[in-house]
file final.cif (mmCIF, C-alpha atoms and all ligand atoms)
data_coords
loop_
_atom_site.group_PDB
_atom_site.id
_atom_site.type_symbol
_atom_site.label_atom_id
_atom_site.label_comp_id
_atom_site.auth_asym_id
_atom_site.auth_seq_id
_atom_site.Cartn_x
_atom_site.Cartn_y
_atom_site.Cartn_z
ATOM 1 C CA MET A 1 -17.465 9.262 9.920
ATOM 2 C CA HIS A 2 -19.225 9.395 6.529
ATOM 3 C CA ALA A 3 -18.817 11.457 3.326
ATOM 4 C CA HIS A 4 -22.371 12.284 2.188
ATOM 5 C CA PRO A 5 -25.896 12.179 3.531
ATOM 6 C CA ASP A 6 -27.173 8.624 2.797
ATOM 7 C CA ASP A 7 -23.816 6.892 3.312
ATOM 8 C CA GLU A 8 -24.617 6.513 6.999
ATOM 9 C CA VAL A 9 -27.664 4.378 6.187
ATOM 10 C CA ILE A 10 -26.339 2.344 3.266
ATOM 11 C CA GLY A 11 -23.130 1.282 4.972
ATOM 12 C CA THR A 12 -23.826 1.414 8.698
ATOM 13 C CA GLY A 13 -27.558 2.021 9.248
ATOM 14 C CA ALA A 14 -28.266 -1.283 10.946
ATOM 15 C CA THR A 15 -25.122 -1.005 13.085
ATOM 16 C CA MET A 16 -26.060 2.495 14.241
ATOM 17 C CA ALA A 17 -29.631 1.439 15.086
ATOM 18 C CA HIS A 18 -28.293 -1.652 16.861
ATOM 19 C CA TYR A 19 -26.008 0.336 19.156
ATOM 20 C CA VAL A 20 -28.502 3.131 19.792
ATOM 21 C CA SER A 21 -31.002 0.502 20.952
ATOM 22 C CA ALA A 22 -28.265 -1.092 23.089
ATOM 23 C CA GLY A 23 -27.835 2.237 24.895
ATOM 24 C CA ALA A 24 -24.521 3.308 23.333
ATOM 25 C CA HIS A 25 -23.895 6.966 22.484
ATOM 26 C CA VAL A 26 -23.703 7.068 18.677
ATOM 27 C CA THR A 27 -22.280 10.194 17.037
ATOM 28 C CA LEU A 28 -22.572 10.547 13.267
ATOM 29 C CA VAL A 29 -20.150 12.951 11.568
ATOM 30 C CA THR A 30 -20.867 13.609 7.899
ATOM 31 C CA CYS A 31 -18.383 15.617 5.808
ATOM 32 C CA THR A 32 -20.452 17.212 3.026
ATOM 33 C CA LEU A 33 -24.063 18.071 2.167
ATOM 34 C CA GLY A 34 -24.020 16.028 -1.058
ATOM 35 C CA GLU A 35 -24.595 19.051 -3.291
ATOM 36 C CA GLU A 36 -23.392 17.246 -6.458
ATOM 37 C CA GLY A 37 -25.694 14.254 -6.138
ATOM 38 C CA GLU A 38 -28.262 12.919 -8.583
ATOM 39 C CA ILE A 39 -31.911 13.758 -8.014
ATOM 40 C CA HIS A 40 -34.399 10.880 -8.246
ATOM 41 C CA VAL A 41 -37.427 12.982 -7.218
ATOM 42 C CA PRO A 42 -38.645 14.806 -10.367
ATOM 43 C CA ALA A 43 -40.236 17.636 -8.386
ATOM 44 C CA LEU A 44 -36.800 18.442 -6.924
ATOM 45 C CA SER A 45 -34.860 18.258 -10.196
ATOM 46 C CA GLN A 46 -34.252 22.020 -10.393
ATOM 47 C CA LEU A 47 -32.389 21.953 -7.072
ATOM 48 C CA ALA A 48 -29.442 20.414 -8.944
ATOM 49 C CA ALA A 49 -25.954 21.913 -8.636
ATOM 50 C CA GLY A 50 -26.079 23.327 -12.159
ATOM 51 C CA GLN A 51 -29.460 24.961 -11.561
ATOM 52 C CA ALA A 52 -30.706 26.295 -8.184
ATOM 53 C CA ASP A 53 -27.833 24.492 -6.395
ATOM 54 C CA GLN A 54 -30.075 23.776 -3.401
ATOM 55 C CA LEU A 55 -29.678 19.981 -3.241
ATOM 56 C CA GLY A 56 -27.302 20.262 -0.275
ATOM 57 C CA GLY A 57 -29.894 21.998 1.866
ATOM 58 C CA TRP A 58 -32.497 19.428 0.897
ATOM 59 C CA ARG A 59 -30.208 16.484 1.665
ATOM 60 C CA LEU A 60 -29.503 18.025 5.074
ATOM 61 C CA VAL A 61 -33.212 17.600 5.858
ATOM 62 C CA GLU A 62 -33.213 14.054 4.430
ATOM 63 C CA TRP A 63 -30.176 13.302 6.607
ATOM 64 C CA GLU A 64 -31.895 14.556 9.778
ATOM 65 C CA ARG A 65 -35.008 12.495 8.984
ATOM 66 C CA ALA A 66 -32.874 9.402 8.354
ATOM 67 C CA CYS A 67 -31.072 9.878 11.670
ATOM 68 C CA ALA A 68 -34.445 10.148 13.415
ATOM 69 C CA ALA A 69 -35.517 6.848 11.827
ATOM 70 C CA LEU A 70 -32.345 5.182 13.143
ATOM 71 C CA GLY A 71 -32.671 6.796 16.579
ATOM 72 C CA VAL A 72 -29.403 8.741 16.151
ATOM 73 C CA THR A 73 -29.759 12.063 17.957
ATOM 74 C CA ASP A 74 -26.113 13.216 17.850
ATOM 75 C CA HIS A 75 -25.458 14.013 14.175
ATOM 76 C CA ARG A 76 -22.984 16.669 13.063
ATOM 77 C CA MET A 77 -21.563 18.061 9.828
ATOM 78 C CA LEU A 78 -17.751 18.249 9.845
ATOM 79 C CA GLY A 79 -16.840 21.907 10.450
ATOM 80 C CA GLY A 80 -20.548 22.800 10.443
ATOM 81 C CA ALA A 81 -23.151 22.467 7.668
ATOM 82 C CA GLY A 82 -21.760 23.790 4.376
ATOM 83 C CA ARG A 83 -18.090 23.970 5.426
ATOM 84 C CA TYR A 84 -17.013 21.302 2.889
ATOM 85 C CA ARG A 85 -18.697 20.724 -0.471
ATOM 86 C CA ASP A 86 -19.414 17.439 -2.210
ATOM 87 C CA SER A 87 -16.528 16.970 -4.661
ATOM 88 C CA GLY A 88 -18.436 14.970 -7.257
ATOM 89 C CA MET A 89 -17.132 11.755 -8.787
ATOM 90 C CA MET A 90 -13.359 11.288 -9.229
ATOM 91 C CA GLY A 91 -11.857 13.353 -12.043
ATOM 92 C CA LEU A 92 -14.745 15.767 -12.506
ATOM 93 C CA GLU A 93 -14.206 19.538 -12.591
ATOM 94 C CA THR A 94 -16.225 19.767 -9.363
ATOM 95 C CA ASN A 95 -13.214 18.192 -7.600
ATOM 96 C CA GLN A 96 -11.563 21.614 -7.989
ATOM 97 C CA HIS A 97 -14.358 23.653 -6.376
ATOM 98 C CA PRO A 98 -12.735 25.950 -3.739
ATOM 99 C CA ARG A 99 -14.738 24.253 -0.970
ATOM 100 C CA ALA A 100 -14.582 20.705 -2.385
ATOM 101 C CA PHE A 101 -13.838 18.253 0.424
ATOM 102 C CA TRP A 102 -11.336 16.502 -1.860
ATOM 103 C CA GLY A 103 -9.141 19.630 -1.718
ATOM 104 C CA ALA A 104 -9.534 20.272 2.009
ATOM 105 C CA ASP A 105 -6.427 20.865 4.114
ATOM 106 C CA LEU A 106 -6.016 17.540 5.951
ATOM 107 C CA ASP A 107 -4.997 18.875 9.366
ATOM 108 C CA GLU A 108 -7.581 21.667 9.275
ATOM 109 C CA ALA A 109 -10.358 19.174 8.485
ATOM 110 C CA ALA A 110 -9.020 16.678 11.043
ATOM 111 C CA ALA A 111 -9.016 19.402 13.724
ATOM 112 C CA HIS A 112 -12.816 19.628 13.449
ATOM 113 C CA LEU A 113 -13.063 15.897 14.190
ATOM 114 C CA VAL A 114 -10.436 16.055 16.972
ATOM 115 C CA LYS A 115 -12.606 18.654 18.719
ATOM 116 C CA ILE A 116 -15.543 16.213 18.626
ATOM 117 C CA MET A 117 -13.328 13.351 19.807
ATOM 118 C CA ARG A 118 -12.099 15.387 22.754
ATOM 119 C CA GLU A 119 -15.753 16.013 23.683
ATOM 120 C CA ILE A 120 -17.156 12.489 23.283
ATOM 121 C CA ARG A 121 -13.961 10.397 23.721
ATOM 122 C CA PRO A 122 -15.176 7.524 21.493
ATOM 123 C CA GLN A 123 -14.162 3.933 22.246
ATOM 124 C CA VAL A 124 -14.920 2.897 18.651
ATOM 125 C CA MET A 125 -14.825 4.747 15.322
ATOM 126 C CA ILE A 126 -16.130 3.515 11.955
ATOM 127 C CA THR A 127 -15.031 5.000 8.643
ATOM 128 C CA TYR A 128 -13.927 3.776 5.189
ATOM 129 C CA ASP A 129 -10.760 2.012 4.032
ATOM 130 C CA GLU A 130 -8.011 3.796 2.070
ATOM 131 C CA ASN A 131 -10.075 3.468 -1.131
ATOM 132 C CA GLY A 132 -13.094 5.057 0.513
ATOM 133 C CA PHE A 133 -14.803 1.666 0.044
ATOM 134 C CA TYR A 134 -15.475 2.332 -3.656
ATOM 135 C CA GLY A 135 -13.131 5.118 -4.725
ATOM 136 C CA HIS A 136 -15.252 8.273 -4.432
ATOM 137 C CA PRO A 137 -12.936 11.232 -3.610
ATOM 138 C CA ASP A 138 -15.030 12.355 -0.628
ATOM 139 C CA HIS A 139 -14.973 8.829 0.781
ATOM 140 C CA ILE A 140 -11.192 8.626 0.373
ATOM 141 C CA GLN A 141 -10.853 12.045 2.033
ATOM 142 C CA ALA A 142 -13.194 11.001 4.869
ATOM 143 C CA HIS A 143 -10.886 8.043 5.515
ATOM 144 C CA ARG A 144 -7.798 10.268 5.527
ATOM 145 C CA VAL A 145 -9.348 12.901 7.802
ATOM 146 C CA ALA A 146 -10.764 10.323 10.229
ATOM 147 C CA MET A 147 -7.462 8.447 10.540
ATOM 148 C CA ARG A 148 -5.475 11.700 10.919
ATOM 149 C CA ALA A 149 -7.891 12.924 13.602
ATOM 150 C CA ALA A 150 -7.554 9.656 15.522
ATOM 151 C CA GLU A 151 -3.768 10.102 15.399
ATOM 152 C CA LEU A 152 -3.944 13.746 16.589
ATOM 153 C CA ALA A 153 -6.534 13.025 19.304
ATOM 154 C CA GLY A 154 -4.172 10.624 21.089
ATOM 155 C CA PRO A 155 -5.782 9.263 24.301
ATOM 156 C CA ASP A 156 -9.088 11.009 23.473
ATOM 157 C CA GLY A 157 -9.251 9.095 20.190
ATOM 158 C CA PRO A 158 -10.889 5.690 19.597
ATOM 159 C CA ALA A 159 -9.329 2.480 20.953
ATOM 160 C CA LYS A 160 -10.715 0.523 17.979
ATOM 161 C CA ILE A 161 -11.131 1.731 14.391
ATOM 162 C CA TYR A 162 -13.190 -0.227 11.881
ATOM 163 C CA TRP A 163 -13.528 0.217 8.120
ATOM 164 C CA THR A 164 -16.733 -0.704 6.277
ATOM 165 C CA ALA A 165 -16.391 -3.822 4.127
ATOM 166 C CA GLN A 166 -18.309 -6.451 2.158
ATOM 167 C CA PRO A 167 -17.085 -10.073 2.354
ATOM 168 C CA LEU A 168 -16.525 -11.692 -1.042
ATOM 169 C CA SER A 169 -18.773 -14.576 0.041
ATOM 170 C CA VAL A 170 -21.677 -12.147 0.578
ATOM 171 C CA LEU A 171 -21.054 -10.512 -2.796
ATOM 172 C CA ARG A 172 -21.028 -13.955 -4.477
ATOM 173 C CA ASP A 173 -24.299 -14.898 -2.738
ATOM 174 C CA GLY A 174 -25.798 -11.535 -3.716
ATOM 175 C CA MET A 175 -24.705 -11.885 -7.346
ATOM 176 C CA GLU A 176 -26.374 -15.315 -7.485
ATOM 177 C CA ALA A 177 -29.492 -14.153 -5.657
ATOM 178 C CA PHE A 178 -29.994 -11.151 -7.939
ATOM 179 C CA ARG A 179 -29.226 -13.045 -11.194
ATOM 180 C CA GLU A 180 -32.898 -13.182 -12.213
ATOM 181 C CA SER A 181 -33.932 -9.905 -10.578
ATOM 182 C CA ASP A 182 -35.132 -7.048 -12.786
ATOM 183 C CA SER A 183 -33.281 -4.549 -10.569
ATOM 184 C CA ASN A 184 -29.965 -6.336 -10.480
ATOM 185 C CA PRO A 185 -27.117 -4.224 -9.059
ATOM 186 C CA PHE A 186 -24.684 -6.771 -10.476
ATOM 187 C CA ALA A 187 -26.008 -6.376 -14.045
ATOM 188 C CA GLY A 188 -23.058 -6.335 -16.440
ATOM 189 C CA VAL A 189 -20.642 -7.544 -13.784
ATOM 190 C CA GLU A 190 -18.823 -10.652 -15.029
ATOM 191 C CA SER A 191 -17.092 -11.429 -11.777
ATOM 192 C CA ILE A 192 -17.183 -9.966 -8.289
ATOM 193 C CA GLU A 193 -13.447 -9.416 -8.639
ATOM 194 C CA ASP A 194 -14.406 -6.676 -11.150
ATOM 195 C CA LEU A 195 -16.148 -4.694 -8.381
ATOM 196 C CA PRO A 196 -14.266 -1.739 -6.765
ATOM 197 C CA PHE A 197 -14.909 -3.300 -3.348
ATOM 198 C CA GLY A 198 -14.962 -6.713 -1.694
ATOM 199 C CA THR A 199 -12.833 -8.215 1.068
ATOM 200 C CA PRO A 200 -11.653 -11.814 1.478
ATOM 201 C CA ASP A 201 -13.734 -13.383 4.274
ATOM 202 C CA GLU A 202 -10.610 -14.117 6.318
ATOM 203 C CA GLU A 203 -9.778 -10.370 6.397
ATOM 204 C CA ILE A 204 -13.181 -9.418 7.822
ATOM 205 C CA ALA A 205 -13.025 -8.758 11.577
ATOM 206 C CA ALA A 206 -16.635 -8.126 12.570
ATOM 207 C CA ARG A 207 -20.148 -9.099 11.473
ATOM 208 C CA ILE A 208 -22.790 -6.927 13.140
ATOM 209 C CA ASP A 209 -26.247 -8.451 12.990
ATOM 210 C CA GLY A 210 -28.758 -5.604 13.105
ATOM 211 C CA THR A 211 -31.449 -7.730 11.462
ATOM 212 C CA GLU A 212 -34.005 -6.732 14.049
ATOM 213 C CA HIS A 213 -33.432 -3.112 12.977
ATOM 214 C CA TYR A 214 -33.541 -3.503 9.192
ATOM 215 C CA ALA A 215 -37.021 -1.914 9.108
ATOM 216 C CA LYS A 216 -35.453 1.215 10.667
ATOM 217 C CA LYS A 217 -32.698 1.042 8.039
ATOM 218 C CA THR A 218 -35.300 0.792 5.281
ATOM 219 C CA ALA A 219 -37.231 3.744 6.742
ATOM 220 C CA ALA A 220 -33.993 5.736 6.916
ATOM 221 C CA MET A 221 -33.251 4.861 3.282
ATOM 222 C CA ARG A 222 -36.697 6.160 2.310
ATOM 223 C CA ALA A 223 -35.798 9.453 4.027
ATOM 224 C CA HIS A 224 -33.024 9.806 1.419
ATOM 225 C CA ALA A 225 -35.536 9.732 -1.457
ATOM 226 C CA SER A 226 -33.529 12.160 -3.629
ATOM 227 C CA GLN A 227 -30.684 9.599 -3.714
ATOM 228 C CA ILE A 228 -32.438 6.241 -3.303
ATOM 229 C CA PRO A 229 -35.394 5.879 -5.705
ATOM 230 C CA ASP A 230 -38.369 3.655 -4.864
ATOM 231 C CA ASN A 231 -37.232 1.139 -7.515
ATOM 232 C CA SER A 232 -33.717 0.918 -6.048
ATOM 233 C CA TRP A 233 -32.190 -2.554 -5.846
ATOM 234 C CA LEU A 234 -31.621 -1.778 -2.189
ATOM 235 C CA TYR A 235 -35.378 -2.136 -1.599
ATOM 236 C CA GLY A 236 -35.452 -5.259 -3.698
ATOM 237 C CA MET A 237 -32.774 -6.717 -1.449
ATOM 238 C CA ALA A 238 -34.727 -5.733 1.656
ATOM 239 C CA GLY A 239 -37.951 -7.134 0.191
ATOM 240 C CA ASP A 240 -36.609 -10.352 -1.314
ATOM 241 C CA PHE A 241 -34.090 -11.237 1.324
ATOM 242 C CA GLY A 242 -35.309 -9.417 4.409
ATOM 243 C CA GLY A 243 -32.733 -8.594 6.991
ATOM 244 C CA GLU A 244 -30.266 -11.183 5.735
ATOM 245 C CA PHE A 245 -28.587 -8.677 3.385
ATOM 246 C CA MET A 246 -29.880 -5.348 4.679
ATOM 247 C CA GLY A 247 -29.601 -5.910 8.384
ATOM 248 C CA VAL A 248 -26.080 -7.372 8.552
ATOM 249 C CA GLU A 249 -23.029 -5.158 8.142
ATOM 250 C CA TYR A 250 -19.352 -6.115 8.009
ATOM 251 C CA TYR A 251 -16.093 -4.436 8.997
ATOM 252 C CA THR A 252 -12.347 -4.857 8.918
ATOM 253 C CA LEU A 253 -10.362 -3.806 11.994
ATOM 254 C CA ALA A 254 -7.810 -1.084 11.230
ATOM 255 C CA GLN A 255 -6.704 -0.306 14.803
ATOM 256 C CA GLY A 256 -7.057 -2.039 18.170
ATOM 257 C CA ALA A 257 -7.062 -5.557 19.530
ATOM 258 C CA ARG A 258 -9.548 -7.980 18.046
ATOM 259 C CA GLY A 259 -12.028 -9.328 20.594
ATOM 260 C CA PRO A 260 -13.463 -12.837 20.807
ATOM 261 C CA GLY A 261 -15.402 -13.960 17.708
ATOM 262 C CA GLU A 262 -17.516 -16.676 16.150
ATOM 263 C CA GLY A 263 -17.504 -18.928 13.099
ATOM 264 C CA PRO A 264 -14.722 -20.120 10.797
ATOM 265 C CA HIS A 265 -13.038 -16.696 10.710
ATOM 266 C CA LYS A 266 -13.794 -15.768 14.340
ATOM 267 C CA TRP A 267 -15.756 -12.670 13.315
ATOM 268 C CA GLU A 268 -16.561 -10.408 16.241
ATOM 269 C CA THR A 269 -20.287 -9.925 16.830
ATOM 270 C CA ASP A 270 -19.756 -6.725 18.845
ATOM 271 C CA LEU A 271 -17.540 -3.773 17.887
ATOM 272 C CA PHE A 272 -16.817 -3.196 21.575
ATOM 273 C CA ALA A 273 -15.586 -6.773 22.058
ATOM 274 C CA GLY A 274 -12.430 -6.903 24.137
ATOM 275 C CA LEU A 275 -12.645 -3.275 25.317
ATOM 276 C CA ASP A 276 -12.496 -2.269 28.977
ATOM 277 C CA LEU A 277 -15.625 -0.133 28.811
ATOM 278 C CA ASP A 278 -15.304 0.816 32.453
ATOM 279 C CA GLY A 279 -11.901 2.281 31.667
ATOM 280 C CA ARG A 280 -13.295 4.737 29.115
HETATM 281 C C1 LIG B 301 -23.422 6.366 -2.104
HETATM 282 C C2 LIG B 301 -22.658 7.613 -2.502
HETATM 283 O O1 LIG B 301 -21.526 7.830 -2.079
HETATM 284 N N1 LIG B 301 -23.288 8.439 -3.362
HETATM 285 C C3 LIG B 301 -22.625 9.670 -3.815
HETATM 286 C C4 LIG B 301 -22.234 9.523 -5.278
HETATM 287 O O2 LIG B 301 -23.417 9.252 -6.007
HETATM 288 C C5 LIG B 301 -23.141 8.662 -7.280
HETATM 289 C C6 LIG B 301 -23.141 9.755 -8.364
HETATM 290 O O3 LIG B 301 -24.334 10.483 -8.289
HETATM 291 C C7 LIG B 301 -22.990 9.118 -9.745
HETATM 292 O O4 LIG B 301 -23.094 10.161 -10.706
HETATM 293 C C8 LIG B 301 -24.076 8.069 -10.006
HETATM 294 O O5 LIG B 301 -23.841 7.475 -11.260
HETATM 295 C C9 LIG B 301 -24.014 6.986 -8.927
HETATM 296 O O6 LIG B 301 -25.050 6.050 -9.140
HETATM 297 C C10 LIG B 301 -24.219 7.619 -7.548
HETATM 298 O O7 LIG B 301 -24.068 6.624 -6.528
HETATM 299 O O8 LIG B 301 -21.609 10.744 -5.756
HETATM 300 C C11 LIG B 301 -22.410 11.927 -5.608
HETATM 301 C C12 LIG B 301 -21.619 13.087 -6.166
HETATM 302 O O9 LIG B 301 -20.415 13.220 -5.447
HETATM 303 C C13 LIG B 301 -22.790 12.121 -4.127
HETATM 304 O O10 LIG B 301 -23.623 13.253 -3.967
HETATM 305 C C14 LIG B 301 -23.543 10.870 -3.638
HETATM 306 O O11 LIG B 301 -23.883 11.021 -2.253
HETATM 307 ZN ZN ZN B 302 -20.987 8.852 -0.339
#
call {"tool": "encode", "arguments": {"input": "final.cif", "output": "structure tokens"}}
result
Amino acid sequence: MHAHPDDEVIGTGATMAHYVSAGAHVTLVTCTLGEEGEIHVPALSQLAAGQADQLGGWRLVEWERACAALGVTDHRMLGGAGRYRDSGMMGLETNQHPRAFWGADLDEAAAHLVKIMREIRPQVMITYDENGFYGHPDHIQAHRVAMRAAELAGPDGPAKIYWTAQPLSVLRDGMEAFRESDSNPFAGVESIEDLPFGTPDEEIAARIDGTEHYAKKTAAMRAHASQIPDNSWLYGMAGDFGGEFMGVEYYTLAQGARGPGEGPHKWETDLFAGLDLDGR
């Protein structure tokens, strides 16, 4: 369950490709079209919200192309394309738009996801933590709607719920690795504790290694060209560090029993670890 087109790749692209290739049924639910986003493709600049206001339709196409690159065939917009609008960054006037996701009625929005849950009966759901990973209103709302839907869906809801996360150790390694880079995402950051995200390693529950799929993740990122420019640090990370940073994704476990794991913190290597898959 993601907030905008492109979130699915940045946070969970390798995980989605990993499970599609393992034969799992992966359903992506995205909550808005991303109408209020930046535009990094000059030729598209007049699609912006304050001009032609067509960015949402364009990002829908980018989103479908990115899903194709990951092998995800079941991708849905919450309540149908255009039902909820990108709210913009926290505190902006766009938060008050009549269709802004940030102002959506929680149970009405959750009902759209419950309907999907009753159809697909997921064993595992991934969404964001209470802060929406980094505090964007649509990410916070996606968390709230996903957790409410899981509560309302009862036995049709997921047995395990994970929230996207970045271990502090990975952020420290990344900050060091990018120190000399000319596209340093940590530029101006004194300490990783200043970042709006980061989880102590001991609170991480799962490390999903989708390294073999990081080329699919990179291709899916390129599909989101309006949001992820060619000179993005994300490509630098993929280029300089290969799958090590791009192909591995981390999660905390918000609901369900933790399965067997590896390493000093017993991180699961499979989100379905410990589940009776025959049962559901
Ligand atoms: C990854 C993500 O959630 N992107 C959102 C976010 O985009 C940010 C926004 O454009 C901001 O103005 C930029 O400074 C920042 O770099 C962007 O990440 O918010 C957008 C508006 O809600 C949203 O469309 C985009 O998908
Ligand atoms: Zn987002």
call {"tool": "closest_residue", "arguments": {"input": "final.cif", "among": "A:Pro5, A:Gly13, A:Gly103, A:Gly274", "to": "Glu212 in chain A", "atoms": "all atoms listed in the file"}}
result
A:Gly13
call {"tool": "residues_near_ligand", "arguments": {"input": "final.cif", "ligand": "ligand LIG 301 (chain B)", "cutoff": "6 Å", "atoms": "all atoms listed in the file", "output": "list in words"}}
result
His4, Asp7, Gly34, Glu35, Glu36, Gly37, Glu38, Asp86, Ser87, Gly88 and Met89 of chain A
call {"tool": "atom_distance", "arguments": {"input": "final.cif", "atom1": "CA of Arg99 in chain A", "atom2": "CA of Asp53 in chain A"}}
result
14.2 Å
call {"tool": "residues_near_ligand", "arguments": {"input": "final.cif", "ligand": "ligand ZN 302 (chain B)", "cutoff": "10 Å", "atoms": "only C-alpha atoms and all ligand atoms", "output": "list in words"}}
result
His2, Ala3, His4, Pro5, Asp6, Asp7, Glu8, Ile10, Gly11, Thr30, Cys31, Thr32, Gly34, Gly37, Asp86, Gly88, Met89, Gly132, Phe133, Tyr134, Gly135, His136, Pro137, Asp138, His139, Ile140 and Ala142 of chain A
call {"tool": "resolve_selection", "arguments": {"input": "final.cif", "expression": "the PyMOL selection byres (((chain A and resi 184-188) around 10) and not hetatm)", "output": "ChimeraX atom specification"}}
result
/A:171,174-183,189-192,195,232-234,236-237
call {"tool": "write_last_selection", "arguments": {"input": "final.cif", "atoms": "C-alpha atoms", "output": "mmCIF file, in the coordinates of the input"}}
result
data_model
loop_
_atom_site.group_PDB
_atom_site.id
_atom_site.type_symbol
_atom_site.label_atom_id
_atom_site.label_comp_id
_atom_site.auth_asym_id
_atom_site.auth_seq_id
_atom_site.Cartn_x
_atom_site.Cartn_y
_atom_site.Cartn_z
ATOM 1 C CA LEU A 171 -21.054 -10.512 -2.796
ATOM 2 C CA GLY A 174 -25.798 -11.535 -3.716
ATOM 3 C CA MET A 175 -24.705 -11.885 -7.346
ATOM 4 C CA GLU A 176 -26.374 -15.315 -7.485
ATOM 5 C CA ALA A 177 -29.492 -14.153 -5.657
ATOM 6 C CA PHE A 178 -29.994 -11.151 -7.939
ATOM 7 C CA ARG A 179 -29.226 -13.045 -11.194
ATOM 8 C CA GLU A 180 -32.898 -13.182 -12.213
ATOM 9 C CA SER A 181 -33.932 -9.905 -10.578
ATOM 10 C CA ASP A 182 -35.132 -7.048 -12.786
ATOM 11 C CA SER A 183 -33.281 -4.549 -10.569
ATOM 12 C CA VAL A 189 -20.642 -7.544 -13.784
ATOM 13 C CA GLU A 190 -18.823 -10.652 -15.029
ATOM 14 C CA SER A 191 -17.092 -11.429 -11.777
ATOM 15 C CA ILE A 192 -17.183 -9.966 -8.289
ATOM 16 C CA LEU A 195 -16.148 -4.694 -8.381
ATOM 17 C CA SER A 232 -33.717 0.918 -6.048
ATOM 18 C CA TRP A 233 -32.190 -2.554 -5.846
ATOM 19 C CA LEU A 234 -31.621 -1.778 -2.189
ATOM 20 C CA GLY A 236 -35.452 -5.259 -3.698
ATOM 21 C CA MET A 237 -32.774 -6.717 -1.449
#
call {"tool": "atom_distance", "arguments": {"input": "final.cif", "atom1": "CA of Thr12 in chain A", "atom2": "CA of Lys115 in chain A"}}
result
22.9 Å
call {"tool": "resolve_selection", "arguments": {"input": "final.cif", "expression": "the PyMOL selection byres (((chain A and resi 40) around 12) and not hetatm)", "output": "mmCIF file with C-alpha atoms, keeping the file's coordinate frame"}}
result
data_model
loop_
_atom_site.group_PDB
_atom_site.id
_atom_site.type_symbol
_atom_site.label_atom_id
_atom_site.label_comp_id
_atom_site.auth_asym_id
_atom_site.auth_seq_id
_atom_site.Cartn_x
_atom_site.Cartn_y
_atom_site.Cartn_z
ATOM 1 C CA GLY A 37 -25.694 14.254 -6.138
ATOM 2 C CA GLU A 38 -28.262 12.919 -8.583
ATOM 3 C CA ILE A 39 -31.911 13.758 -8.014
ATOM 4 C CA VAL A 41 -37.427 12.982 -7.218
ATOM 5 C CA PRO A 42 -38.645 14.806 -10.367
ATOM 6 C CA ALA A 43 -40.236 17.636 -8.386
ATOM 7 C CA LEU A 44 -36.800 18.442 -6.924
ATOM 8 C CA SER A 45 -34.860 18.258 -10.196
ATOM 9 C CA GLN A 46 -34.252 22.020 -10.393
ATOM 10 C CA LEU A 47 -32.389 21.953 -7.072
ATOM 11 C CA ALA A 48 -29.442 20.414 -8.944
ATOM 12 C CA LEU A 55 -29.678 19.981 -3.241
ATOM 13 C CA ARG A 222 -36.697 6.160 2.310
ATOM 14 C CA HIS A 224 -33.024 9.806 1.419
ATOM 15 C CA ALA A 225 -35.536 9.732 -1.457
ATOM 16 C CA SER A 226 -33.529 12.160 -3.629
ATOM 17 C CA GLN A 227 -30.684 9.599 -3.714
ATOM 18 C CA ILE A 228 -32.438 6.241 -3.303
ATOM 19 C CA PRO A 229 -35.394 5.879 -5.705
ATOM 20 C CA ASP A 230 -38.369 3.655 -4.864
ATOM 21 C CA ASN A 231 -37.232 1.139 -7.515
ATOM 22 C CA SER A 232 -33.717 0.918 -6.048
#
call {"tool": "resolve_selection", "arguments": {"input": "final.cif", "expression": "the PyMOL selection byres (((chain A and resi 16-27) around 8) and not hetatm)", "output": "mmCIF file with C-alpha atoms, keeping the file's coordinate frame"}}
result
data_model
loop_
_atom_site.group_PDB
_atom_site.id
_atom_site.type_symbol
_atom_site.label_atom_id
_atom_site.label_comp_id
_atom_site.auth_asym_id
_atom_site.auth_seq_id
_atom_site.Cartn_x
_atom_site.Cartn_y
_atom_site.Cartn_z
ATOM 1 C CA THR A 12 -23.826 1.414 8.698
ATOM 2 C CA GLY A 13 -27.558 2.021 9.248
ATOM 3 C CA ALA A 14 -28.266 -1.283 10.946
ATOM 4 C CA THR A 15 -25.122 -1.005 13.085
ATOM 5 C CA LEU A 28 -22.572 10.547 13.267
ATOM 6 C CA VAL A 29 -20.150 12.951 11.568
ATOM 7 C CA LEU A 70 -32.345 5.182 13.143
ATOM 8 C CA GLY A 71 -32.671 6.796 16.579
ATOM 9 C CA VAL A 72 -29.403 8.741 16.151
ATOM 10 C CA THR A 73 -29.759 12.063 17.957
ATOM 11 C CA ASP A 74 -26.113 13.216 17.850
ATOM 12 C CA HIS A 75 -25.458 14.013 14.175
ATOM 13 C CA ARG A 76 -22.984 16.669 13.063
ATOM 14 C CA GLY A 210 -28.758 -5.604 13.105
ATOM 15 C CA HIS A 213 -33.432 -3.112 12.977
ATOM 16 C CA LYS A 216 -35.453 1.215 10.667
ATOM 17 C CA LYS A 217 -32.698 1.042 8.039
#
call {"tool": "residues_around", "arguments": {"input": "final.cif", "residues": "Ala109 in chain A", "least_positions_apart": "2", "cutoff": "10 Å", "atoms": "only C-alpha atoms", "output": "list in words"}}
result
Cys31, Leu78, Gly79, Arg83, Tyr84, Phe101, Ala104, Asp105, Leu106, Asp107, Ala111, His112, Leu113, Val114, Gln141, Ala142, Arg144, Val145, Ala146, Arg148 and Ala149 of chain A
call {"tool": "atom_distance", "arguments": {"input": "final.cif", "atom1": "CA of Met147 in chain A", "atom2": "CA of Ile120 in chain A"}}
result
16.5 Å
call {"tool": "closest_residue", "arguments": {"input": "final.cif", "among": "A:His143, A:Arg59, A:His265, A:Arg118", "to": "Asn131 in chain A", "atoms": "all atoms listed in the file"}}
result
A:His143
call {"tool": "closest_residue", "arguments": {"input": "final.cif", "among": "A:Leu33, A:Ala69, A:Ala100, A:Trp163", "to": "Gln54 in chain A", "atoms": "all atoms listed in the file"}}
result
A:Leu33
